[in-house]
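Asker: Handing over target_30.txt, compact mmCIF, C-alpha atoms and all ligand atoms.
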# COMPACT_ATOMS: atom_id res chain seq x y z
CA MET S 1 -17.75 -17.39 -12.14
CA LYS S 2 -18.02 -19.71 -9.15
CA ILE S 3 -15.65 -21.38 -6.73
CA VAL S 4 -15.85 -25.14 -7.24
CA ASP S 5 -12.99 -26.35 -5.05
CA ALA S 6 -11.00 -25.16 -2.03
CA ARG S 7 -8.26 -27.54 -1.00
CA VAL S 8 -5.70 -27.46 1.80
CA ILE S 9 -2.20 -28.72 0.97
CA VAL S 10 0.18 -29.44 3.85
CA THR S 11 3.80 -30.07 2.94
CA CYS S 12 7.18 -30.13 4.66
CA PRO S 13 10.03 -29.50 2.21
CA GLY S 14 12.40 -28.97 5.14
CA ARG S 15 9.79 -27.04 7.14
CA ASN S 16 5.99 -27.11 7.30
CA PHE S 17 3.80 -25.02 5.03
CA VAL S 18 0.01 -24.93 4.72
CA THR S 19 -1.40 -23.69 1.41
CA LEU S 20 -4.98 -23.09 0.30
CA LYS S 21 -5.74 -23.69 -3.37
CA ILE S 22 -9.03 -22.33 -4.71
CA THR S 23 -10.33 -23.41 -8.13
CA THR S 24 -13.12 -21.75 -10.16
CA ASP S 25 -15.57 -23.33 -12.61
CA ASP S 26 -13.48 -21.71 -15.40
CA GLY S 27 -10.45 -23.65 -14.18
CA VAL S 28 -8.63 -20.61 -12.76
CA THR S 29 -6.68 -21.37 -9.57
CA GLY S 30 -5.49 -19.12 -6.77
CA LEU S 31 -3.11 -19.77 -3.87
CA GLY S 32 -3.04 -18.46 -0.31
CA ASP S 33 -0.46 -19.10 2.40
CA ALA S 34 -2.01 -20.43 5.65
CA THR S 35 1.15 -21.30 7.59
CA LEU S 36 1.10 -20.66 11.35
CA ASN S 37 4.43 -21.89 12.68
CA GLY S 38 4.02 -24.59 15.35
CA ARG S 39 0.18 -24.58 15.07
CA GLU S 40 -0.12 -25.52 11.38
CA LEU S 41 -2.84 -28.15 11.62
CA ALA S 42 -5.19 -25.87 13.58
CA VAL S 43 -5.40 -23.57 10.54
CA ALA S 44 -5.57 -26.52 8.14
CA SER S 45 -8.59 -27.87 10.05
CA TYR S 46 -10.21 -24.42 10.33
CA LEU S 47 -10.00 -24.11 6.56
CA ARG S 48 -10.84 -27.68 5.64
CA ASP S 49 -13.63 -28.26 8.16
CA HIS S 50 -15.19 -24.82 8.57
CA VAL S 51 -14.33 -22.52 5.66
CA ALA S 52 -13.95 -24.58 2.47
CA PRO S 53 -17.58 -25.80 2.53
CA LEU S 54 -18.76 -22.16 2.67
CA LEU S 55 -16.66 -21.15 -0.33
CA ILE S 56 -18.15 -23.59 -2.81
CA GLY S 57 -20.54 -21.77 -5.15
CA ARG S 58 -19.38 -18.26 -4.13
CA ASP S 59 -18.32 -15.65 -6.69
CA PRO S 60 -14.49 -15.40 -6.43
CA ALA S 61 -14.62 -11.76 -7.61
CA ARG S 62 -16.29 -10.65 -4.35
CA ILE S 63 -13.13 -10.38 -2.26
CA GLU S 64 -14.29 -7.71 0.20
CA ASP S 65 -17.63 -9.41 0.74
CA THR S 66 -16.00 -12.79 1.32
CA TRP S 67 -13.57 -11.24 3.82
CA ASN S 68 -16.46 -9.81 5.83
CA TYR S 69 -18.50 -12.98 5.45
CA LEU S 70 -15.69 -14.99 7.06
CA TYR S 71 -14.76 -12.33 9.64
CA ARG S 72 -18.21 -11.31 10.86
CA GLY S 73 -19.76 -14.63 9.97
CA ALA S 74 -17.56 -16.61 12.34
CA TYR S 75 -18.98 -14.64 15.30
CA TRP S 76 -15.68 -15.48 17.13
CA ARG S 77 -13.47 -12.72 15.82
CA ARG S 78 -9.74 -12.24 15.38
CA GLY S 79 -6.94 -14.42 16.74
CA PRO S 80 -4.06 -15.99 14.80
CA VAL S 81 -5.88 -19.14 13.63
CA THR S 82 -8.97 -17.37 12.32
CA MET S 83 -7.07 -14.49 10.75
CA THR S 84 -4.54 -16.78 9.06
CA ALA S 85 -7.39 -18.81 7.58
CA ILE S 86 -9.13 -15.65 6.32
CA ALA S 87 -5.79 -14.44 4.94
CA ALA S 88 -5.38 -17.62 2.92
CA VAL S 89 -8.80 -17.23 1.30
CA ASP S 90 -8.26 -13.52 0.66
CA THR S 91 -4.81 -14.04 -0.89
CA ALA S 92 -6.10 -16.81 -3.16
CA LEU S 93 -8.96 -14.59 -4.35
CA TRP S 94 -6.55 -11.72 -5.20
CA ASP S 95 -4.45 -14.25 -7.13
CA ILE S 96 -7.54 -15.32 -9.08
CA LYS S 97 -8.61 -11.71 -9.71
CA GLY S 98 -5.18 -10.93 -11.13
CA LYS S 99 -5.20 -13.99 -13.37
CA VAL S 100 -8.70 -13.18 -14.64
CA ALA S 101 -7.68 -9.56 -15.33
CA GLY S 102 -4.39 -10.66 -16.89
CA LEU S 103 -2.50 -8.34 -14.52
CA PRO S 104 -0.01 -8.77 -11.69
CA VAL S 105 -1.75 -8.05 -8.37
CA TYR S 106 0.30 -4.90 -7.73
CA GLN S 107 -1.38 -3.32 -10.77
CA LEU S 108 -4.76 -3.93 -9.15
CA LEU S 109 -3.47 -2.17 -6.01
CA GLY S 110 -2.65 1.01 -7.90
CA GLY S 111 0.58 0.12 -9.67
CA ARG S 112 4.20 0.67 -8.71
CA SER S 113 5.23 3.31 -6.22
CA ARG S 114 8.91 2.31 -6.47
CA ASP S 115 11.37 0.43 -8.66
CA GLY S 116 12.14 -2.39 -6.23
CA VAL S 117 11.43 -3.63 -2.71
CA THR S 118 14.35 -2.98 -0.31
CA VAL S 119 14.95 -6.08 1.79
CA TYR S 120 17.05 -6.94 4.82
CA GLY S 121 18.83 -10.21 5.47
CA HIS S 122 19.77 -11.93 8.74
CA ALA S 123 23.36 -12.00 9.97
CA ASN S 124 23.59 -14.32 12.99
CA GLY S 125 26.60 -15.54 14.95
CA GLU S 126 27.77 -16.85 18.30
CA THR S 127 30.33 -14.07 18.57
CA VAL S 128 30.59 -10.49 17.27
CA ALA S 129 33.38 -11.59 14.90
CA GLU S 130 31.15 -14.30 13.43
CA VAL S 131 28.29 -11.84 12.95
CA LEU S 132 30.59 -9.42 11.11
CA ASP S 133 31.64 -12.18 8.70
CA GLU S 134 27.96 -12.91 8.05
CA VAL S 135 27.23 -9.23 7.44
CA ALA S 136 30.05 -9.23 4.87
CA ARG S 137 28.40 -12.14 3.04
CA TYR S 138 25.20 -10.13 2.76
CA THR S 139 26.91 -6.95 1.59
CA GLU S 140 28.72 -9.02 -1.05
CA LEU S 141 25.32 -10.28 -2.22
CA GLY S 142 24.25 -6.64 -2.59
CA TYR S 143 22.07 -6.23 0.51
CA LYS S 144 21.62 -2.62 1.67
CA ALA S 145 20.19 -3.65 5.04
CA VAL S 146 21.11 -6.39 7.49
CA ARG S 147 19.66 -7.56 10.80
CA VAL S 148 22.37 -8.41 13.33
CA GLN S 149 21.84 -10.98 16.12
CA CYS S 150 24.59 -12.29 18.36
CA GLY S 151 25.08 -14.89 21.09
CA VAL S 152 25.01 -13.46 24.60
CA PRO S 153 28.16 -14.29 26.59
CA GLY S 154 27.16 -16.56 29.47
CA LEU S 155 23.96 -17.88 27.84
CA PRO S 156 24.05 -21.27 26.07
CA VAL S 157 21.29 -20.75 23.43
CA THR S 158 20.33 -17.40 21.98
CA TYR S 159 17.46 -16.52 19.68
CA GLY S 160 18.53 -15.81 16.12
CA VAL S 161 21.72 -17.85 16.23
CA SER S 162 21.53 -21.19 14.48
CA GLN S 163 23.87 -23.76 12.96
CA ASP S 164 22.78 -23.21 9.37
CA LYS S 165 23.43 -19.50 9.04
CA MET S 166 22.02 -18.71 5.62
CA PHE S 167 18.83 -20.71 6.27
CA TYR S 168 17.97 -19.93 9.90
CA GLU S 169 15.12 -22.13 11.09
CA PRO S 170 13.95 -21.87 14.69
CA ALA S 171 11.21 -24.55 14.62
CA ALA S 172 13.43 -27.56 14.43
CA ALA S 173 12.45 -29.87 17.26
CA ARG S 174 9.72 -32.36 18.12
CA ARG S 175 9.57 -30.67 21.51
CA PRO S 176 10.33 -27.00 22.11
CA VAL S 177 14.02 -26.27 22.70
CA GLU S 178 14.45 -24.53 26.06
CA ALA S 179 16.53 -21.37 25.75
CA THR S 180 17.74 -19.26 28.67
CA TRP S 181 17.69 -15.53 29.03
CA SER S 182 19.23 -12.68 30.97
CA SER S 183 18.24 -9.14 30.02
CA GLU S 184 21.20 -7.78 31.99
CA LYS S 185 23.79 -9.78 30.00
CA TYR S 186 21.97 -9.05 26.74
CA LEU S 187 21.86 -5.29 27.35
CA ARG S 188 25.65 -5.29 27.76
CA MET S 189 26.21 -7.17 24.49
CA VAL S 190 24.05 -5.28 21.96
CA PRO S 191 25.87 -1.90 21.99
CA GLU S 192 29.19 -3.75 21.50
CA LEU S 193 27.71 -5.58 18.51
CA PHE S 194 26.49 -2.33 16.95
CA ALA S 195 29.75 -0.48 17.62
CA ALA S 196 31.78 -3.23 15.90
CA THR S 197 29.39 -3.47 12.94
CA ARG S 198 29.37 0.30 12.31
CA ASP S 199 33.12 0.39 12.71
CA ARG S 200 33.65 -2.23 10.00
CA PHE S 201 30.85 -1.38 7.56
CA GLY S 202 30.50 2.40 7.88
CA PRO S 203 27.42 4.61 8.12
CA ASP S 204 25.49 3.66 4.98
CA LEU S 205 24.52 0.04 5.65
CA HIS S 206 21.12 -0.14 7.37
CA LEU S 207 21.42 -2.09 10.63
CA LEU S 208 18.42 -3.73 12.25
CA HIS S 209 18.01 -5.75 15.42
CA ASP S 210 15.23 -7.97 16.80
CA VAL S 211 14.69 -7.93 20.58
CA HIS S 212 12.03 -10.63 20.20
CA HIS S 213 9.71 -9.36 22.95
CA ARG S 214 12.21 -9.91 25.74
CA LEU S 215 12.54 -6.60 27.55
CA THR S 216 10.37 -4.44 29.77
CA PRO S 217 9.54 -0.93 28.52
CA ILE S 218 12.19 0.76 30.67
CA GLU S 219 14.84 -1.79 29.63
CA ALA S 220 13.87 -1.24 25.99
CA ALA S 221 14.16 2.51 26.55
CA ARG S 222 17.69 1.99 27.82
CA LEU S 223 18.60 -0.23 24.88
CA GLY S 224 17.26 2.33 22.41
CA ALA S 225 19.22 5.13 24.08
CA SER S 226 22.42 3.06 24.14
CA LEU S 227 22.16 2.43 20.37
CA GLU S 228 21.34 5.96 19.22
CA GLU S 229 24.95 6.79 18.32
CA TYR S 230 24.99 3.83 15.87
CA ALA S 231 21.78 5.00 14.16
CA PRO S 232 19.94 1.68 13.87
CA PHE S 233 17.27 1.45 11.16
CA TRP S 234 15.08 -0.04 13.91
CA ILE S 235 14.88 -2.18 16.98
CA GLU S 236 12.11 -4.74 16.57
CA ASP S 237 9.59 -6.09 19.09
CA PRO S 238 11.32 -4.47 22.09
CA VAL S 239 8.54 -5.64 24.44
CA PRO S 240 5.50 -7.90 24.17
CA ALA S 241 2.83 -5.69 22.63
CA GLU S 242 -0.33 -6.75 24.43
CA LEU S 243 0.06 -3.55 26.48
CA GLN S 244 0.10 -1.00 23.68
CA GLU S 245 0.35 1.99 26.06
CA GLY S 246 3.60 0.49 27.43
CA PHE S 247 5.34 1.83 24.33
CA ARG S 248 4.85 5.39 25.62
CA LEU S 249 7.58 4.75 28.15
CA ILE S 250 10.03 3.68 25.42
CA ARG S 251 9.16 6.75 23.34
CA GLN S 252 9.83 9.14 26.21
CA HIS S 253 13.47 8.05 26.37
CA THR S 254 14.82 7.30 22.91
CA THR S 255 14.78 8.36 19.27
CA THR S 256 15.81 4.87 18.08
CA PRO S 257 13.05 3.82 15.65
CA ILE S 258 10.71 1.08 16.86
CA ALA S 259 9.24 -1.73 14.74
CA VAL S 260 6.57 -4.11 15.98
CA GLY S 261 3.81 -6.43 14.84
CA GLU S 262 4.94 -9.71 13.26
CA VAL S 263 2.53 -11.54 15.58
CA PHE S 264 -0.34 -9.07 15.06
CA ASN S 265 -3.49 -10.35 13.40
CA SER S 266 -5.59 -7.25 12.96
CA ILE S 267 -5.75 -3.48 12.84
CA TRP S 268 -7.01 -3.48 16.42
CA ASP S 269 -3.71 -4.97 17.63
CA CYS S 270 -1.89 -1.83 16.52
CA GLN S 271 -4.54 0.92 16.52
CA GLN S 272 -3.17 2.70 19.61
CA LEU S 273 0.46 2.10 18.64
CA ILE S 274 -0.19 3.80 15.32
CA THR S 275 -2.56 6.61 16.26
CA GLU S 276 -0.39 7.68 19.23
CA GLN S 277 2.71 7.48 17.02
CA LEU S 278 4.37 5.06 19.44
CA ILE S 279 6.04 3.08 16.63
CA ASP S 280 7.81 3.83 13.36
CA TYR S 281 7.34 0.58 11.43
CA ILE S 282 4.45 -1.87 11.42
CA ARG S 283 5.53 -5.49 10.81
CA ALA S 284 2.17 -7.08 10.07
CA THR S 285 2.15 -9.21 6.95
CA VAL S 286 -0.29 -10.84 4.57
CA VAL S 287 -0.55 -14.34 6.05
CA HIS S 288 -1.09 -13.48 9.72
CA ALA S 289 -3.00 -10.21 9.36
CA GLY S 290 -6.06 -11.16 7.36
CA GLY S 291 -4.67 -11.11 3.84
CA ILE S 292 -4.06 -8.32 1.33
CA THR S 293 -7.48 -6.77 2.01
CA HIS S 294 -6.92 -6.26 5.73
CA LEU S 295 -3.20 -5.50 5.54
CA ARG S 296 -3.89 -2.60 3.19
CA ARG S 297 -6.31 -1.21 5.78
CA ILE S 298 -3.55 -1.39 8.43
CA PHE S 299 -1.02 0.23 6.12
CA ASP S 300 -3.39 3.05 5.17
CA LEU S 301 -4.03 3.84 8.84
CA ALA S 302 -0.26 3.74 9.42
CA ALA S 303 0.36 6.18 6.56
CA LEU S 304 -1.80 8.81 8.27
CA TYR S 305 0.53 8.71 11.30
CA HIS S 306 3.93 8.60 9.56
CA VAL S 307 4.30 4.90 10.29
CA ARG S 308 5.94 2.93 7.50
CA THR S 309 5.71 -0.76 6.64
CA GLY S 310 8.29 -3.43 7.50
CA SER S 311 6.55 -6.74 6.93
CA HIS S 312 7.64 -9.97 8.54
CA GLY S 313 9.32 -12.24 5.99
CA ALA S 314 10.83 -15.17 7.86
CA THR S 315 11.14 -18.61 6.27
CA ASP S 316 8.00 -19.85 8.01
CA LEU S 317 6.02 -17.56 5.70
CA SER S 318 5.82 -19.47 2.43
CA PRO S 319 6.79 -18.11 -1.00
CA VAL S 320 3.04 -17.58 -1.53
CA CYS S 321 3.02 -15.04 1.31
CA MET S 322 6.33 -13.52 0.18
CA SER S 323 4.94 -13.06 -3.31
CA ALA S 324 1.77 -11.42 -2.01
CA ALA S 325 3.80 -9.21 0.35
CA LEU S 326 5.93 -7.96 -2.55
CA HIS S 327 2.89 -6.93 -4.57
CA VAL S 328 1.70 -4.88 -1.58
CA ASP S 329 5.21 -3.51 -0.84
CA ILE S 330 5.78 -2.26 -4.37
CA ALA S 331 2.42 -0.47 -4.43
CA VAL S 332 1.80 1.20 -1.05
CA PRO S 333 2.98 4.80 -0.55
CA ASN S 334 4.41 4.24 2.96
CA PHE S 335 6.60 1.20 2.33
CA GLY S 336 9.66 1.04 4.59
CA ILE S 337 11.50 -2.26 4.24
CA GLN S 338 10.74 -5.98 3.77
CA GLU S 339 12.32 -8.80 5.78
CA TYR S 340 13.75 -11.49 3.51
CA MET S 341 15.12 -14.76 4.85
CA ARG S 342 15.82 -16.74 1.75
CA HIS S 343 13.93 -20.05 1.41
CA THR S 344 15.86 -23.24 0.73
CA GLU S 345 16.19 -24.46 -2.85
CA LEU S 346 13.77 -27.30 -2.10
CA THR S 347 11.11 -24.88 -0.84
CA ASP S 348 11.57 -22.77 -3.97
CA GLU S 349 11.13 -25.92 -6.09
CA VAL S 350 7.86 -26.79 -4.36
CA PHE S 351 6.69 -23.18 -4.82
CA PRO S 352 8.00 -21.96 -8.20
CA HIS S 353 7.73 -18.18 -8.21
CA GLY S 354 8.37 -15.15 -10.37
CA TYR S 355 9.90 -12.80 -7.77
CA ARG S 356 13.64 -12.23 -8.01
CA PHE S 357 16.41 -10.75 -5.85
CA ALA S 358 18.86 -8.33 -7.42
CA ASP S 359 21.27 -5.88 -5.80
CA GLY S 360 19.49 -5.59 -2.46
CA TYR S 361 15.97 -5.44 -3.87
CA LEU S 362 13.23 -7.97 -4.49
CA HIS S 363 11.08 -7.58 -7.57
CA PRO S 364 7.60 -9.11 -7.86
CA GLY S 365 7.17 -10.86 -11.20
CA GLU S 366 5.03 -9.60 -14.06
CA GLU S 367 2.93 -12.78 -14.25
CA PRO S 368 -0.85 -12.30 -13.87
CA GLY S 369 -1.96 -12.76 -10.26
CA LEU S 370 0.68 -13.35 -7.59
CA GLY S 371 3.12 -15.20 -9.85
CA VAL S 372 3.55 -18.22 -7.59
CA GLU S 373 2.43 -21.84 -8.02
CA ILE S 374 2.69 -25.08 -6.06
CA ASP S 375 4.16 -28.29 -7.47
CA GLU S 376 1.67 -30.64 -5.84
CA LYS S 377 3.44 -33.84 -6.85
CA LEU S 378 6.67 -32.66 -5.29
CA ALA S 379 4.82 -31.30 -2.24
CA ALA S 380 3.24 -34.72 -1.67
CA ARG S 381 6.68 -36.27 -1.29
CA TYR S 382 7.25 -34.25 1.91
CA PRO S 383 4.52 -35.01 4.47
CA TYR S 384 3.83 -32.96 7.60
CA ASP S 385 6.54 -33.23 10.24
CA PRO S 386 5.58 -31.72 13.61
CA ALA S 387 8.00 -29.07 14.88
CA TYR S 388 7.81 -26.52 17.66
CA LEU S 389 9.29 -23.10 18.15
CA PRO S 390 11.54 -22.77 21.24
CA VAL S 391 10.47 -21.58 24.68
CA ASN S 392 12.55 -19.32 26.87
CA ARG S 393 13.33 -19.30 30.61
CA LEU S 394 15.16 -16.88 32.87
CA LEU S 395 18.25 -18.17 34.66
CA ASP S 396 16.10 -19.05 37.72
CA GLY S 397 13.78 -21.19 35.57
CA SER S 398 10.87 -18.74 35.19
CA MET S 399 9.05 -18.85 31.87
CA HIS S 400 9.94 -15.80 29.78
CA HIS S 401 8.91 -14.51 26.35
CA TRP S 402 10.52 -16.20 23.35
O1 LIG S 501 10.80 -15.79 15.23
O2 LIG S 501 9.10 -16.28 12.14
O3 LIG S 501 11.77 -11.26 12.62
N1 LIG S 501 11.66 -12.43 12.52
C1 LIG S 501 11.37 -13.28 13.51
C2 LIG S 501 11.18 -14.72 13.11
C3 LIG S 501 10.17 -15.40 14.04
C4 LIG S 501 9.60 -16.62 13.38
C5 LIG S 501 8.49 -17.20 14.25
O4 LIG S 501 7.87 -18.23 13.57
O5 LIG S 501 11.28 -12.87 14.65
O6 LIG S 501 12.37 -15.41 13.07
CO CO S 502 10.99 -10.73 14.66
As structure tokens, how would this structure be written, given the file I've shared?

Answerer:
Amino acid sequence: MKIVDARVIVTCPGRNFVTLKITTDDGVTGLGDATLNGRELAVASYLRDHVAPLLIGRDPARIEDTWNYLYRGAYWRRGPVTMTAIAAVDTALWDIKGKVAGLPVYQLLGGRSRDGVTVYGHANGETVAEVLDEVARYTELGYKAVRVQCGVPGLPVTYGVSQDKMFYEPAAARRPVEATWSSEKYLRMVPELFAATRDRFGPDLHLLHDVHHRLTPIEAARLGASLEEYAPFWIEDPVPAELQEGFRLIRQHTTTPIAVGEVFNSIWDCQQLITEQLIDYIRATVVHAGGITHLRRIFDLAALYHVRTGSHGATDLSPVCMSAALHVDIAVPNFGIQEYMRHTELTDEVFPHGYRFADGYLHPGEEPGLGVEIDEKLAARYPYDPAYLPVNRLLDGSMHHW
């Protein structure tokens, strides 16, 4: 079997998605997500101009070899653009392998390790009362785990709080929205949010929170300590993770579990975090961490060090990525939890898929391959629409981490 076509499809059914579609000489097709929020066309060009020509004529069955061909063969290694492009190829080849074998991809990864994939939803609000109402909507839908994000009194725009609550979308503007930040005000708010949520919903609901890289290690240590009595499932991205050893400081002061890694692209971004047991959950996912092939390598390393998985699953990861993530989640021994921000109905129409939500769990479908397709005619009706993620400034105007 040979690859005869590798095509990049860019579509914006409400938000931008980049998809790679690989076709074999037998007419089998495979899909890979290649969406990099706010930098979409860089990956589209990388694939179209530099990768697709190399794929033509290759044997689609040689997934590992193709991964290394693209990784080592580029000479310029790693980085979000390269690794997202490699992920798209890798994911599409796993899809093809599953279709050729007549098996869902999770069967090729060793079969089920669990009955369903526990997911968490996003409850966002301007005020604590609003957040609690959102949490109630999720518990009514059957969710066992909810991420809580709340406006910070005294700050006009806060990460995680949007107008359309059930379909949070941060990349909405032609120019980046400028948000403001104060760690001091924020650190006062979060324990109040957790106290109120535990008080209303009791001890069993898993509560998560995303710090979105905004604290220093000692501030994160204080946050973790101040939340211990509410037993959070995790706090996510407490600090920017370029300085992996910085997490030692957090660890010395709190037993609140730490999750990190939605912006990681490779095993080398988290090697020290994992091997020194500085984190509890690794948030790398298929599309930004080199595909199923590389993600499994990360997860296997994590398993050796008692680190569990908690893959990124925001709406800027397409249903192709979500589908691939679920096949990995259901199979790996050290699964922890999967983020799940539901896509809009229009996105689900463009990407018909077999995975289903029921009672707090997602279930990958039983279709051969990944169980997700793209309606190209419908996709073509929604052309690319540039949008940027926000930026963030301190009250004095300094650039801060978003
Ligand atoms: O800000 O996916 O945990 N989820 C997140 C997301 C990210 C976006 C960035 O594109 O932090 O909402
Ligand atoms: Co996050």

Asker: Using all atoms listed in the file, which residues of the polymer chains come no farther than 7 Å from ligand LIG 501 (chain S)? I'd like the answer as a VMD selection string.

Answerer: chain S and resid 37 160 170 210 212 312 to 316 389

Asker: Neighbours of His50 (chain S) within 10 Å (all atoms listed in the file; same-chain residues fewer than 6 positions away dropped), as a PyMOL selection string?

Answerer: chain S and resi 44+70+74+85

Asker: Give me, please, the distance in Å between CA of Thr275 (chain S) and CA of Arg72 (chain S), quoted to one decimal.

Answerer: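 About the pair CA of Thr275 (chain S) and CA of Arg72 (chain S): they are 24.4 Å apart.
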
Asker: Quick one: axis-aligned box around all listed atoms of region 187-206 of chain S, 4 Å on every side, centre and edge lengths in Å to one decimal, written as lines of an AutoDock Vina configuration file.

Answerer:
center_x = 27.4
center_y = -1.3
center_z = 16.4
size_x = 20.5
size_y = 19.8
size_z = 30.8

Asker: So that I can check the surroundings of region 22-35 of chain S, please list as a PyMOL selection string every protein, DNA and RNA residue that reaches within 8 Å of it, counting all atoms listed in the file and ignoring chain neighbours fewer than 5 positions away.

Answerer: chain S and resi 1-7+16-17+40+43-44+60+84-85+87-96+99-100+287+316-318+320-321+372-373

Asker: Between S:Met341, S:Ala173, S:Cys270, S:Leu215, which has the minimum distance to Glu242 (chain S) (counting only C-alpha atoms)?

Answerer: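 Checking each of S:Met341, S:Ala173, S:Cys270, S:Leu215 against Glu242 (chain S), counting only C-alpha atoms, the winner is S:Cys270.
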
Asker: List the neighbours of Leu109 (chain S) out to 10 Å using only C-alpha atoms; skip same-chain residues closer than 4 positions along the sequence, and give me the result as a list of chain:residue names.

Answerer: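 The residues satisfying every condition are S:Pro104, S:Val105, S:Ile292, S:Arg296, S:His327, S:Val328, S:Ile330, S:Ala331, S:Val332.
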
Asker: Could you save the residues just selected, with C-alpha atoms, as an mmCIF file, in the frame of the given file?

Answerer:
data_model
loop_
_atom_site.group_PDB
_atom_site.id
_atom_site.type_symbol
_atom_site.label_atom_id
_atom_site.label_comp_id
_atom_site.auth_asym_id
_atom_site.auth_seq_id
_atom_site.Cartn_x
_atom_site.Cartn_y
_atom_site.Cartn_z
ATOM 1 C CA PRO S 104 -0.010 -8.770 -11.690
ATOM 2 C CA VAL S 105 -1.750 -8.050 -8.370
ATOM 3 C CA ILE S 292 -4.060 -8.320 1.330
ATOM 4 C CA ARG S 296 -3.890 -2.600 3.190
ATOM 5 C CA HIS S 327 2.890 -6.930 -4.570
ATOM 6 C CA VAL S 328 1.700 -4.880 -1.580
ATOM 7 C CA ILE S 330 5.780 -2.260 -4.370
ATOM 8 C CA ALA S 331 2.420 -0.470 -4.430
ATOM 9 C CA VAL S 332 1.800 1.200 -1.050
#

Asker: With all atoms listed in the file as the atoms that count, which of S:Tyr75, S:Tyr361, S:Phe167, S:Tyr230 lies nearest to Thr255 (chain S)?

Answerer: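 Ranking S:Tyr75, S:Tyr361, S:Phe167, S:Tyr230 by distance to Thr255 (chain S), first place goes to S:Tyr230.
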
Asker: Report, in Å with one decimal, the straight-line distance from CA of Arg48 (chain S) to CA of Trp268 (chain S).

Answerer: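 Interatomic distance, CA of Arg48 (chain S) to CA of Trp268 (chain S): 26.8 Å.
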
Asker: Counting only C-alpha atoms, figure out which residue out of S:Arg77, S:Gly369, S:Asp359, S:Gly151 gets nearest to Ala101 (chain S).

Answerer: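 So, comparing all the options, the nearest one is S:Gly369.
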
Asker: Can you work out which one of S:Gly98, S:Pro232, S:Gly290, S:Gly125 has the shortest atom-to-atom distance to Pro153 (chain S), counting all atoms listed in the file?

Answerer: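 Going through S:Gly98, S:Pro232, S:Gly290, S:Gly125 one by one, the smallest distance to Pro153 (chain S) is for S:Gly125.
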
Asker: What would region 98-109 of chain S look like with N, CA and C atoms restored, written as a compact mmCIF listing (two decimals), keeping the file's coordinate frame?

Answerer:
# COMPACT_ATOMS: atom_id res chain seq x y z
N GLY S 98 -6.28 -11.35 -10.25
CA GLY S 98 -5.18 -10.93 -11.13
C GLY S 98 -5.11 -11.79 -12.38
N LYS S 99 -5.27 -13.10 -12.20
CA LYS S 99 -5.20 -13.99 -13.37
C LYS S 99 -6.35 -13.71 -14.33
N VAL S 100 -7.54 -13.47 -13.79
CA VAL S 100 -8.70 -13.18 -14.64
C VAL S 100 -8.49 -11.86 -15.40
N ALA S 101 -7.92 -10.86 -14.70
CA ALA S 101 -7.68 -9.56 -15.33
C ALA S 101 -6.47 -9.58 -16.26
N GLY S 102 -5.62 -10.61 -16.11
CA GLY S 102 -4.39 -10.66 -16.89
C GLY S 102 -3.35 -9.68 -16.39
N LEU S 103 -3.42 -9.33 -15.09
CA LEU S 103 -2.50 -8.34 -14.52
C LEU S 103 -1.86 -8.86 -13.24
N PRO S 104 -0.58 -8.47 -13.01
CA PRO S 104 -0.01 -8.77 -11.69
C PRO S 104 -0.80 -8.02 -10.62
N VAL S 105 -0.89 -8.62 -9.42
CA VAL S 105 -1.75 -8.05 -8.37
C VAL S 105 -1.36 -6.61 -8.04
N TYR S 106 -0.07 -6.27 -8.10
CA TYR S 106 0.30 -4.90 -7.73
C TYR S 106 -0.36 -3.87 -8.64
N GLN S 107 -0.67 -4.25 -9.88
CA GLN S 107 -1.38 -3.32 -10.77
C GLN S 107 -2.79 -3.06 -10.28
N LEU S 108 -3.41 -4.11 -9.67
CA LEU S 108 -4.76 -3.93 -9.15
C LEU S 108 -4.76 -3.06 -7.88
N LEU S 109 -3.58 -2.96 -7.25
CA LEU S 109 -3.47 -2.17 -6.01
C LEU S 109 -3.05 -0.73 -6.30
